[in-house]
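*Asks:* The file below is entry.cif, mmCIF, C-alpha atoms:
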```
data_upload
#
loop_
_atom_site.label_atom_id
_atom_site.label_comp_id
_atom_site.auth_asym_id
_atom_site.auth_seq_id
_atom_site.Cartn_x
_atom_site.Cartn_y
_atom_site.Cartn_z
CA MET A 295 -18.16 30.56 65.11
CA PRO A 296 -20.40 27.47 65.45
CA MET A 297 -18.71 24.14 65.93
CA SER A 298 -20.84 22.34 63.32
CA PRO A 299 -21.17 21.62 60.46
CA PRO A 300 -17.47 20.72 59.96
CA PRO A 301 -15.40 23.74 58.93
CA ALA A 302 -14.08 22.19 55.71
CA THR A 303 -17.61 21.79 54.44
CA ALA A 304 -18.35 25.42 55.08
CA ALA A 305 -15.12 26.45 53.38
CA VAL A 306 -15.99 25.01 49.97
CA PRO A 307 -19.13 26.66 48.67
CA ARG A 308 -20.99 25.19 45.77
CA ASP A 309 -20.44 26.82 42.40
CA ARG A 310 -23.86 27.31 40.82
CA THR A 311 -22.49 28.70 37.56
CA ALA A 312 -21.37 25.39 36.07
CA PRO A 313 -23.69 22.86 34.41
CA PRO A 314 -24.62 19.91 36.64
CA PRO A 315 -22.52 16.76 36.14
CA VAL A 316 -24.04 13.80 34.33
CA PRO A 317 -25.11 11.26 36.97
CA GLY A 318 -23.92 7.68 37.07
CA THR A 319 -20.26 8.29 36.16
CA GLY A 320 -18.71 8.01 39.64
CA ALA A 321 -16.70 4.79 39.19
CA LEU A 322 -15.60 5.70 35.67
CA LEU A 323 -14.59 9.15 36.88
CA VAL A 324 -12.40 7.69 39.62
CA VAL A 325 -10.77 5.29 37.15
CA GLY A 326 -10.09 8.06 34.66
CA PHE A 327 -8.82 10.34 37.41
CA VAL A 328 -6.36 7.71 38.70
CA LEU A 329 -5.12 6.83 35.20
CA MET A 330 -4.52 10.48 34.40
CA SER A 331 -2.77 10.97 37.74
CA LEU A 332 -0.53 7.93 37.23
CA ASN A 333 0.63 9.35 33.93
CA THR A 334 1.39 12.89 35.06
CA ARG A 335 5.09 12.48 35.99
CA VAL A 336 6.03 9.26 34.15
CA SER A 337 8.14 10.86 31.42
CA PHE A 338 10.07 13.06 33.83
CA GLY A 339 11.31 10.13 35.93
CA GLN A 340 12.94 8.23 33.06
CA ILE A 341 16.04 10.28 32.30
CA GLY A 342 17.91 9.97 35.62
CA PRO A 343 17.98 6.16 35.71
CA LEU A 344 18.65 5.92 31.96
CA ALA A 345 21.49 8.46 31.80
CA PRO A 346 24.38 6.11 32.74
CA VAL A 347 23.07 3.28 30.56
CA ALA A 348 22.26 5.42 27.52
CA GLY A 349 25.43 7.51 27.77
CA PHE A 350 23.58 10.83 27.90
CA SER A 351 25.98 13.74 28.38
CA PRO A 352 25.74 15.95 31.49
CA VAL A 353 24.45 18.77 29.30
CA THR A 354 21.71 16.54 27.90
CA VAL A 355 20.66 15.41 31.36
CA SER A 356 20.70 18.99 32.66
CA VAL A 357 18.58 20.33 29.80
CA LEU A 358 16.09 17.46 30.01
CA GLY A 359 15.81 18.12 33.73
CA LEU A 360 15.32 21.85 33.23
CA LEU A 361 12.70 21.64 30.46
CA PRO A 362 9.78 20.17 32.50
CA PRO A 363 9.50 22.89 35.17
CA LEU A 364 10.22 25.64 32.67
CA CYS A 365 7.59 24.39 30.24
CA MET A 366 5.03 23.62 32.92
CA GLY A 367 5.36 27.19 34.13
CA ALA A 368 5.30 28.69 30.64
CA PHE A 369 2.32 26.65 29.38
CA ALA A 370 0.15 26.69 32.52
CA PRO A 371 -1.73 29.83 31.34
CA LEU A 372 -3.01 27.84 28.34
CA ALA A 373 -5.23 25.87 30.70
CA ALA A 374 -7.51 28.86 31.32
CA GLY A 375 -8.44 29.20 27.65
CA ILE A 376 -8.79 25.43 27.20
CA ARG A 377 -11.09 25.25 30.19
CA ARG A 378 -13.28 28.12 28.96
CA ARG A 379 -13.71 26.49 25.56
CA LEU A 380 -13.91 22.82 26.49
CA GLY A 381 -14.51 22.41 30.21
CA GLU A 382 -12.40 20.36 32.58
CA GLU A 383 -13.29 16.89 31.27
CA ARG A 384 -12.70 17.61 27.59
CA GLY A 385 -9.62 19.64 28.43
CA LEU A 386 -8.10 16.69 30.28
CA TRP A 387 -9.04 14.30 27.47
CA TRP A 388 -7.30 16.45 24.86
CA ALA A 389 -4.32 16.83 27.19
CA GLY A 390 -4.20 13.02 27.35
CA LEU A 391 -4.01 12.83 23.55
CA VAL A 392 -1.19 15.38 23.51
CA LEU A 393 0.63 13.32 26.15
CA VAL A 394 0.41 10.32 23.82
CA ALA A 395 1.83 12.35 20.93
CA GLY A 396 4.65 13.69 23.08
CA ALA A 397 5.50 10.24 24.43
CA VAL A 398 5.74 8.86 20.87
CA LEU A 399 7.84 11.84 19.75
CA ARG A 400 10.34 11.25 22.55
CA MET A 401 11.27 7.89 21.00
CA LEU A 402 12.48 9.45 17.73
CA GLY A 403 16.15 10.06 18.47
CA MET A 404 17.70 12.91 20.43
CA PRO A 405 15.83 15.73 18.60
CA GLY A 406 12.57 13.90 19.28
CA LEU A 407 13.51 13.40 22.92
CA PHE A 408 13.93 17.15 23.44
CA ALA A 409 10.88 18.15 21.38
CA GLY A 410 8.72 15.45 22.93
CA THR A 411 9.70 16.54 26.43
CA VAL A 412 8.43 20.03 25.62
CA VAL A 413 5.14 18.60 24.29
CA VAL A 414 4.67 16.31 27.30
CA SER A 415 5.47 19.18 29.68
CA ALA A 416 2.95 21.46 27.97
CA ALA A 417 0.20 18.85 28.29
CA THR A 418 1.16 18.19 31.90
CA ALA A 419 0.89 21.91 32.65
CA VAL A 420 -2.74 21.82 31.54
CA VAL A 421 -3.41 18.70 33.61
CA ASN A 422 -1.82 20.30 36.69
CA VAL A 423 -4.18 23.28 36.49
CA LEU A 424 -7.36 21.39 35.63
CA ILE A 425 -7.10 18.56 38.17
CA PRO A 426 -7.89 20.68 41.27
CA VAL A 427 -10.84 22.25 39.44
CA LEU A 428 -12.14 18.83 38.41
CA VAL A 429 -11.87 17.57 41.99
CA ARG A 430 -13.72 20.60 43.32
CA LYS A 431 -16.41 20.27 40.66
CA ARG A 432 -17.05 16.53 40.45
CA PHE A 433 -16.35 15.04 43.88
CA PRO A 434 -18.23 15.55 47.16
CA ARG A 435 -16.73 18.22 49.35
CA GLU A 436 -15.72 15.73 52.03
CA ARG A 437 -13.68 13.78 49.45
CA VAL A 438 -11.63 16.70 48.09
CA GLY A 439 -8.67 15.94 50.35
CA THR A 440 -8.78 12.21 49.67
CA MET A 441 -8.82 12.70 45.90
CA MET A 442 -5.95 15.19 45.98
CA GLY A 443 -4.08 12.63 48.08
CA VAL A 444 -4.85 9.94 45.51
CA TYR A 445 -3.59 12.32 42.81
CA ALA A 446 -0.26 12.85 44.58
CA LEU A 447 0.12 9.17 45.46
CA SER A 448 -0.64 8.10 41.88
CA MET A 449 1.88 10.59 40.46
CA GLY A 450 4.63 9.10 42.58
CA ALA A 451 3.60 5.50 41.94
CA GLY A 452 3.51 5.94 38.17
CA SER A 453 6.88 7.66 38.07
CA ALA A 454 8.53 5.14 40.41
CA LEU A 455 7.14 2.11 38.55
CA VAL A 456 8.38 3.24 35.14
CA ALA A 457 11.72 4.45 36.55
CA ALA A 458 12.25 0.98 38.02
CA VAL A 459 11.89 -0.85 34.70
CA VAL A 460 13.49 1.52 32.17
CA VAL A 461 17.06 0.33 32.81
CA PRO A 462 16.31 -3.42 32.44
CA ILE A 463 14.42 -2.72 29.21
CA ALA A 464 17.22 -0.54 27.84
CA GLN A 465 19.78 -3.21 28.69
CA ALA A 466 17.67 -6.01 27.21
CA THR A 467 17.02 -4.16 23.94
CA GLY A 468 20.36 -2.40 23.65
CA SER A 469 18.66 0.95 23.07
CA TRP A 470 17.15 3.71 25.16
CA GLN A 471 14.24 4.34 22.76
CA PRO A 472 12.13 1.31 23.79
CA ALA A 473 12.64 2.24 27.45
CA ILE A 474 11.52 5.82 26.77
CA GLY A 475 8.60 4.40 24.79
CA LEU A 476 7.17 2.87 27.96
CA ALA A 477 5.59 6.25 28.68
CA VAL A 478 3.24 5.72 25.71
CA ILE A 479 1.33 3.03 27.63
CA PRO A 480 0.17 5.13 30.61
CA ALA A 481 -0.47 8.06 28.26
CA VAL A 482 -2.86 5.96 26.16
CA LEU A 483 -4.54 4.67 29.31
CA ALA A 484 -4.95 8.22 30.62
CA ALA A 485 -6.68 9.38 27.43
CA ALA A 486 -8.85 6.26 27.34
CA GLY A 487 -9.75 6.66 30.99
CA MET A 488 -11.05 10.19 30.41
CA THR A 489 -13.09 9.23 27.33
CA PRO A 490 -16.30 8.38 29.28
CA GLN A 491 -16.22 11.89 30.74
CA LEU A 492 -16.90 13.36 27.28
CA ARG A 493 -20.56 12.79 28.18
CA GLN A 494 -20.31 15.79 30.47
CA PRO A 495 -21.98 18.92 29.06
CA PRO A 496 -19.44 21.35 27.62
CA ARG A 497 -18.72 24.47 29.58
CA PRO A 498 -20.37 27.65 28.21
CA ALA A 499 -17.63 29.74 26.63
CA ALA A 500 -19.27 33.13 26.82
CA GLY A 501 -18.67 35.21 29.89
CA ALA A 502 -16.45 32.67 31.60
CA GLY A 503 -13.66 33.74 33.89
CA PRO A 504 -13.04 35.55 37.13
CA GLU A 505 -14.50 38.82 35.88
CA ARG A 506 -17.89 37.21 35.33
CA THR A 507 -18.14 36.02 38.92
CA GLY A 508 -17.14 39.33 40.41
CA HIS A 509 -13.75 38.66 41.99
CA PRO A 510 -10.72 40.70 40.93
CA HIS A 511 -7.86 39.44 38.85
CA VAL A 512 -5.98 37.06 41.13
CA ALA A 513 -2.59 38.75 40.58
CA ARG A 514 -3.94 41.73 42.52
CA THR A 515 -4.73 39.71 45.61
CA ALA A 516 -2.51 38.80 48.56
CA LEU A 517 -4.11 35.35 48.63
CA ALA A 518 -2.82 34.46 45.17
CA TRP A 519 0.72 35.62 45.94
CA SER A 520 0.71 33.68 49.21
CA LEU A 521 -0.38 30.52 47.37
CA THR A 522 2.27 31.17 44.75
CA ALA A 523 4.95 31.55 47.42
CA PHE A 524 4.01 28.25 49.04
CA PHE A 525 3.81 26.27 45.80
CA GLY A 526 6.87 27.92 44.24
CA ILE A 527 9.25 27.51 47.16
CA GLN A 528 8.09 23.97 47.92
CA THR A 529 8.49 23.01 44.26
CA LEU A 530 11.94 24.64 44.10
CA ALA A 531 13.01 22.55 47.11
CA PHE A 532 11.48 19.43 45.54
CA TYR A 533 13.23 19.72 42.16
CA THR A 534 16.54 20.72 43.75
CA THR A 535 16.48 17.72 46.07
CA LEU A 536 15.45 15.38 43.27
CA ALA A 537 18.37 16.59 41.15
CA TRP A 538 21.17 16.55 43.71
CA LEU A 539 20.28 14.21 46.60
CA PRO A 540 22.52 11.34 45.42
CA SER A 541 25.46 13.73 45.10
CA ILE A 542 24.75 15.17 48.56
CA LEU A 543 24.71 11.68 50.08
CA VAL A 544 27.89 10.57 48.28
CA GLN A 545 29.79 13.63 49.51
CA ALA A 546 28.58 12.83 53.03
CA GLY A 547 30.27 9.41 52.78
CA VAL A 548 27.36 7.28 51.61
CA GLY A 549 28.20 4.70 48.91
CA ARG A 550 26.90 5.23 45.39
CA SER A 551 24.61 2.20 45.61
CA ALA A 552 23.23 3.38 48.94
CA ALA A 553 22.78 6.86 47.50
CA GLY A 554 20.56 5.34 44.82
CA THR A 555 18.58 3.64 47.55
CA GLY A 556 18.27 7.03 49.22
CA GLN A 557 16.69 8.44 46.07
CA ALA A 558 14.13 5.61 46.11
CA LEU A 559 13.40 6.23 49.80
CA LEU A 560 12.91 9.91 49.05
CA ILE A 561 10.25 9.04 46.46
CA CYS A 562 8.56 6.71 48.95
CA GLY A 563 8.49 9.52 51.50
CA VAL A 564 7.08 11.89 48.87
CA ALA A 565 4.27 9.43 48.17
CA VAL A 566 3.40 9.08 51.87
CA GLY A 567 3.46 12.81 52.55
CA GLY A 568 1.64 13.56 49.31
CA PHE A 569 -1.26 11.34 50.31
CA ALA A 570 -1.47 12.19 54.01
CA ALA A 571 -1.25 15.98 53.86
CA PRO A 572 -4.33 16.74 51.71
CA VAL A 573 -6.42 14.08 53.46
CA LEU A 574 -5.74 15.70 56.84
CA ALA A 575 -5.85 19.31 55.66
CA ALA A 576 -9.17 19.07 53.81
CA LYS A 577 -11.00 18.22 57.02
CA ARG A 578 -10.39 21.69 58.42
CA ALA A 579 -11.28 25.21 57.37
CA ASP A 580 -7.89 26.53 58.57
CA GLN A 581 -4.85 24.94 56.90
CA ARG A 582 -2.22 27.18 58.54
CA PRO A 583 -1.12 24.42 60.95
CA HIS A 584 -0.65 22.06 58.00
CA ILE A 585 1.45 24.64 56.13
CA LEU A 586 3.67 25.13 59.18
CA VAL A 587 4.04 21.39 59.81
CA THR A 588 4.91 20.81 56.13
CA VAL A 589 7.64 23.43 56.24
CA LEU A 590 8.90 22.16 59.62
CA VAL A 591 9.23 18.58 58.37
CA CYS A 592 11.19 19.80 55.32
CA VAL A 593 13.46 21.91 57.54
CA ILE A 594 14.13 18.93 59.84
CA GLY A 595 15.09 16.81 56.83
CA PHE A 596 17.45 19.43 55.39
CA ALA A 597 18.91 20.20 58.83
CA GLY A 598 19.61 16.51 59.37
CA LEU A 599 21.45 16.25 56.06
CA LEU A 600 23.33 19.44 56.89
CA LEU A 601 24.31 18.77 60.51
CA ALA A 602 24.47 14.97 60.79
CA PRO A 603 24.54 13.50 57.27
CA ALA A 604 26.53 10.42 58.20
CA GLY A 605 24.56 9.65 61.36
CA ALA A 606 21.29 8.45 59.94
CA PRO A 607 21.13 9.68 56.34
CA MET A 608 18.23 7.50 55.27
CA VAL A 609 16.11 8.71 58.18
CA TRP A 610 16.67 12.32 57.11
CA VAL A 611 15.88 11.37 53.51
CA VAL A 612 12.53 9.80 54.42
CA ILE A 613 11.59 12.74 56.65
CA LEU A 614 12.54 15.19 53.89
CA GLY A 615 10.57 13.19 51.33
CA MET A 616 7.44 13.29 53.48
CA GLY A 617 7.72 17.07 53.86
CA LEU A 618 8.36 17.63 50.16
CA GLY A 619 5.48 15.33 49.22
CA ALA A 620 3.15 17.24 51.51
CA GLY A 621 4.33 20.48 49.93
CA GLN A 622 3.48 19.19 46.45
CA ALA A 623 -0.01 17.94 47.36
CA LEU A 624 -1.26 20.51 49.87
CA PRO A 625 -1.63 23.35 47.29
CA GLY A 626 -4.46 21.45 45.58
CA VAL A 627 -6.48 21.59 48.79
CA LEU A 628 -5.63 25.26 49.25
CA TYR A 629 -6.88 26.12 45.74
CA ALA A 630 -10.12 24.23 46.35
CA HIS A 631 -10.78 25.78 49.76
CA ARG A 632 -9.75 29.35 49.04
CA GLY A 633 -11.43 29.54 45.62
CA ARG A 634 -14.94 30.98 45.71
CA ASP A 635 -16.03 29.07 42.62
CA HIS A 636 -14.57 26.93 39.85
CA ASP A 637 -13.27 29.94 37.92
CA HIS A 638 -11.48 31.28 40.97
CA VAL A 639 -9.95 27.87 41.72
CA ALA A 640 -8.66 27.67 38.14
CA ALA A 641 -7.25 31.20 38.28
CA LEU A 642 -5.44 30.57 41.57
CA SER A 643 -4.06 27.26 40.32
CA THR A 644 -2.90 28.83 37.05
CA MET A 645 -1.06 31.72 38.67
CA ALA A 646 0.58 29.62 41.38
CA GLN A 647 1.81 27.02 38.90
CA THR A 648 2.93 29.50 36.24
CA CYS A 649 5.10 31.47 38.64
CA GLY A 650 5.93 28.52 40.87
CA PHE A 651 7.33 26.21 38.20
CA LEU A 652 9.38 29.02 36.66
CA LEU A 653 10.83 29.73 40.11
CA ALA A 654 11.42 26.01 40.71
CA ALA A 655 13.44 25.69 37.51
CA THR A 656 16.14 27.91 39.01
CA GLY A 657 16.64 25.69 42.06
CA PRO A 658 18.88 22.93 40.68
CA VAL A 659 20.97 25.48 38.72
CA LEU A 660 21.51 27.78 41.70
CA ALA A 661 22.31 24.83 43.96
CA ALA A 662 24.92 23.61 41.48
CA ALA A 663 26.43 27.09 41.29
CA LEU A 664 26.69 27.33 45.08
CA HIS A 665 28.25 23.88 45.24
CA THR A 666 30.79 24.78 42.57
CA ALA A 667 31.69 28.02 44.33
CA THR A 668 32.11 26.47 47.79
CA GLY A 669 33.09 22.88 47.04
CA THR A 670 30.52 21.46 49.46
CA TRP A 671 26.75 21.06 49.76
CA THR A 672 26.64 23.06 52.99
CA ALA A 673 25.77 26.34 51.29
CA PRO A 674 22.96 24.93 49.10
CA LEU A 675 21.40 23.08 52.05
CA THR A 676 21.64 26.17 54.24
CA ALA A 677 20.06 28.30 51.50
CA LEU A 678 17.20 25.84 51.05
CA THR A 679 16.53 25.81 54.79
CA ALA A 680 16.48 29.61 54.91
CA VAL A 681 14.16 29.86 51.91
CA LEU A 682 11.75 27.40 53.50
CA LEU A 683 11.58 29.54 56.64
CA VAL A 684 10.64 32.49 54.43
CA CYS A 685 8.04 30.18 52.85
CA ALA A 686 6.45 29.56 56.24
CA ALA A 687 5.86 33.25 56.85
CA ALA A 688 4.79 34.12 53.31
CA SER A 689 2.37 31.19 52.96
CA LEU A 690 0.24 31.62 56.07
CA PRO A 691 -2.40 33.88 54.41
CA ALA A 692 -3.10 31.02 51.97
CA GLY A 693 -4.10 28.77 54.84
CA HIS A 694 -7.33 30.47 55.90
CA ASP A 695 -10.23 32.45 54.56
CA PRO A 696 -10.07 36.26 54.97
CA GLU A 697 -11.83 37.49 58.09
#
```
Before anything else, please render the file you have as structure tokens.

*Replies:*
Amino acid sequence: MPMSPPPATAAVPRDRTAPPPVPGTGALLVVGFVLMSLNTRVSFGQIGPLAPVAGFSPVTVSVLGLLPPLCMGAFAPLAAGIRRRLGEERGLWWAGLVLVAGAVLRMLGMPGLFAGTVVVSAATAVVNVLIPVLVRKRFPRERVGTMMGVYALSMGAGSALVAAVVVPIAQATGSWQPAIGLAVIPAVLAAAGMTPQLRQPPRPAAGAGPERTGHPHVARTALAWSLTAFFGIQTLAFYTTLAWLPSILVQAGVGRSAAGTGQALLICGVAVGGFAAPVLAAKRADQRPHILVTVLVCVIGFAGLLLAPAGAPMVWVVILGMGLGAGQALPGVLYAHRGRDHDHVAALSTMAQTCGFLLAATGPVLAAALHTATGTWTAPLTALTAVLLVCAAASLPAGHDPE
């Protein structure tokens, strides 16, 4: 193998089947991309901080926590049809409008909160699938990792910012609806930010899809299942940790206020890992070392919480957050590098997210069941560590091109 050009460049071939992008939209594209990314997890980060203030029941909180991964998995396949009819840019613009509608619906009492969460989750599922394809299509190959890092960093920043202000707004207004309504603002900005991209030529509908470009249905390939294993197990660990970390820290002897700080530190770690991992991984043709390091960092974090939770809990939380953040962002690079063209990238992304989010939805429930059965968090943390080790072995084929 020659040492130059850089391997990552060779790993991302140009797709000649799509119409060329309209020139002169670089800055507007970046702005729209960031605004859409900021909005992607805003609604999902509101319920936890609001629950004690709004008096939401445990059942309400549990269902509102379960709906996003379930719906994102169930609705991810819609993205393929939307992309074939509209293209990535128009698909994201329409998803932005649906996000606005869902954010407004969530303000209309408890029935609206549940229904709007489903609508927002469905739109987010489409965004999740289309973003890696857009990055592969519209940005230079050497910037794929940076843009996926920006995507992950923006997701965390948007969620953290809104989560930080929902409680003061709810307390100032005496109602949870205005606090929930904050999500309307980034949703409107996301749709507005994608509006200039409507200049892009629409994607031809006829003959689109993996069959047209000659590669088999992704569900029949080991690559797709390896990607699905990595995304699914990492996302299961992420949602489980997000749901139960404060409880884990409190049982370890950490005060409730400090446990809340731990949740904030976790999100900071997620943002750091989510930005760094794709930036580093995209520079190489072989991402197997990055997969192994991501899993190792997660295992160190869980092992620290399991074996020495009272020693340096916040250190373990930050380490775990960095590993989980890397695990959420790295799949975008893997889709872009393993996909042979835009259709293949979309198909890989769709399958991994459909199966992965449905798998992830079981994590918090199973962890709660194990905790109830044993009375401690030892069993759930041990199970998560073991599952991540399985993830390391199952995910390696996704880290390199077939020989």

*Asks:* Neighbours of range 622-631 of chain A within 9 Å (all atoms listed in the file; same-chain residues fewer than 4 positions away dropped), as a count of residues only?

*Replies:* 51

*Asks:* Could you check the closest approach to Gln465 in chain A for each of A:Gly375, A:Val612, A:Ala348, A:Ser337 and tell me which residue wins, using all atoms listed in the file?

*Replies:*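 Looking only at the distances to Gln465 in chain A, the closest residue turns out to be A:Ala348.
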
*Asks:* Check the smallest atom-to-atom distance from each of A:Ala464, A:Val353, A:Ala688, A:Ala641 to Arg378 in chain A using only C-alpha atoms, then report the winner.

*Replies:* A:Ala641

*Asks:* Could you state which residues are captured by the PyMOL selection byres ((chain A and resi 362) around 12) in this file, as a VMD selection string?

*Replies:* chain A and resid 334 to 339 341 355 to 361 363 to 370 408 to 419 533 651 to 652 654 to 656

*Asks:* Find, counting only C-alpha atoms, the residue in A:Leu386, A:Ala602, A:Ala558, A:Ala451 that gets nearest to Asn422 in chain A.

*Replies:*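 Checking each of A:Leu386, A:Ala602, A:Ala558, A:Ala451 against Asn422 in chain A, counting only C-alpha atoms, the winner is A:Leu386.
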
*Asks:* Rank A:Ser448, A:Gln471, A:Thr534, A:Gln545 by their smallest atom-to-atom distance to Ala604 in chain A, using only C-alpha atoms, and report the top residue only.

*Replies:*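 Residue with the minimum atom-to-atom distance to Ala604 in chain A: A:Gln545.
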
*Asks:* So that I can check the surroundings of Glu383 in chain A, please list as a compact mmCIF listing (two decimals) with C-alpha atoms, in the coordinates of the input every protein, DNA and RNA residue that reaches within 9 Å of it, counting all atoms listed in the file and ignoring chain neighbours fewer than 6 positions away.

*Replies:*
```
# COMPACT_ATOMS: atom_id res chain seq x y z
CA ARG A 377 -11.09 25.25 30.19
CA LEU A 424 -7.36 21.39 35.63
CA LEU A 428 -12.14 18.83 38.41
CA MET A 488 -11.05 10.19 30.41
CA THR A 489 -13.09 9.23 27.33
CA GLN A 491 -16.22 11.89 30.74
CA LEU A 492 -16.90 13.36 27.28
CA ARG A 493 -20.56 12.79 28.18
CA GLN A 494 -20.31 15.79 30.47
CA PRO A 496 -19.44 21.35 27.62
```

*Asks:* With all atoms listed in the file as the atoms that count, which of A:Gly633, A:Val456, A:Leu660, A:Arg437 lies nearest to Pro343 in chain A?

*Replies:*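 So, comparing all the options, the nearest one is A:Val456.
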
*Asks:* Interatomic distance between CA of Thr644 in chain A and CA of Ile527 in chain A?

*Replies:*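 Between CA of Thr644 in chain A and CA of Ile527 in chain A the gap works out to 15.9 Å.
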
*Asks:* At a cut-off of 10 Å around the point (2.6, 8.2, 21.5) (file coordinates), what residues fall inside when counting all atoms listed in the file? I'd like the answer as a list in words.

*Replies:*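 Nearby residues: Leu391, Val392, Leu393, Val394, Ala395, Gly396, Ala397, Val398, Leu399, Arg400, Met401, Gly410, Gly475, Leu476, Ala477, Val478, Ile479, Pro480, Ala481 and Val482 of chain A.
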
*Asks:* When you draw a straight line from CA of Ala484 in chain A to CA of Met449 in chain A, how long is it in Å?

*Replies:* 12.2 Å

*Asks:* Just give me the gap between CA of Leu683 in chain A and CA of Ala663 in chain A in Å, one decimal is fine.

*Replies:*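 According to the coordinates, CA of Leu683 in chain A and CA of Ala663 in chain A are separated by 21.5 Å.
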
*Asks:* Which one is closest to Leu574 in chain A: A:Pro658, A:Glu436, A:Gly450, A:Leu653? Count only C-alpha atoms.

*Replies:*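 Smallest distance to Leu574 in chain A is found for A:Glu436.
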
*Asks:* Residues within 6 Å of (-5.0, 13.3, 29.6), file coordinates, counting all atoms listed in the file: what are they? Give the list as a ChimeraX atom specification.

*Replies:* /A:330,386-387,389-390,484-485
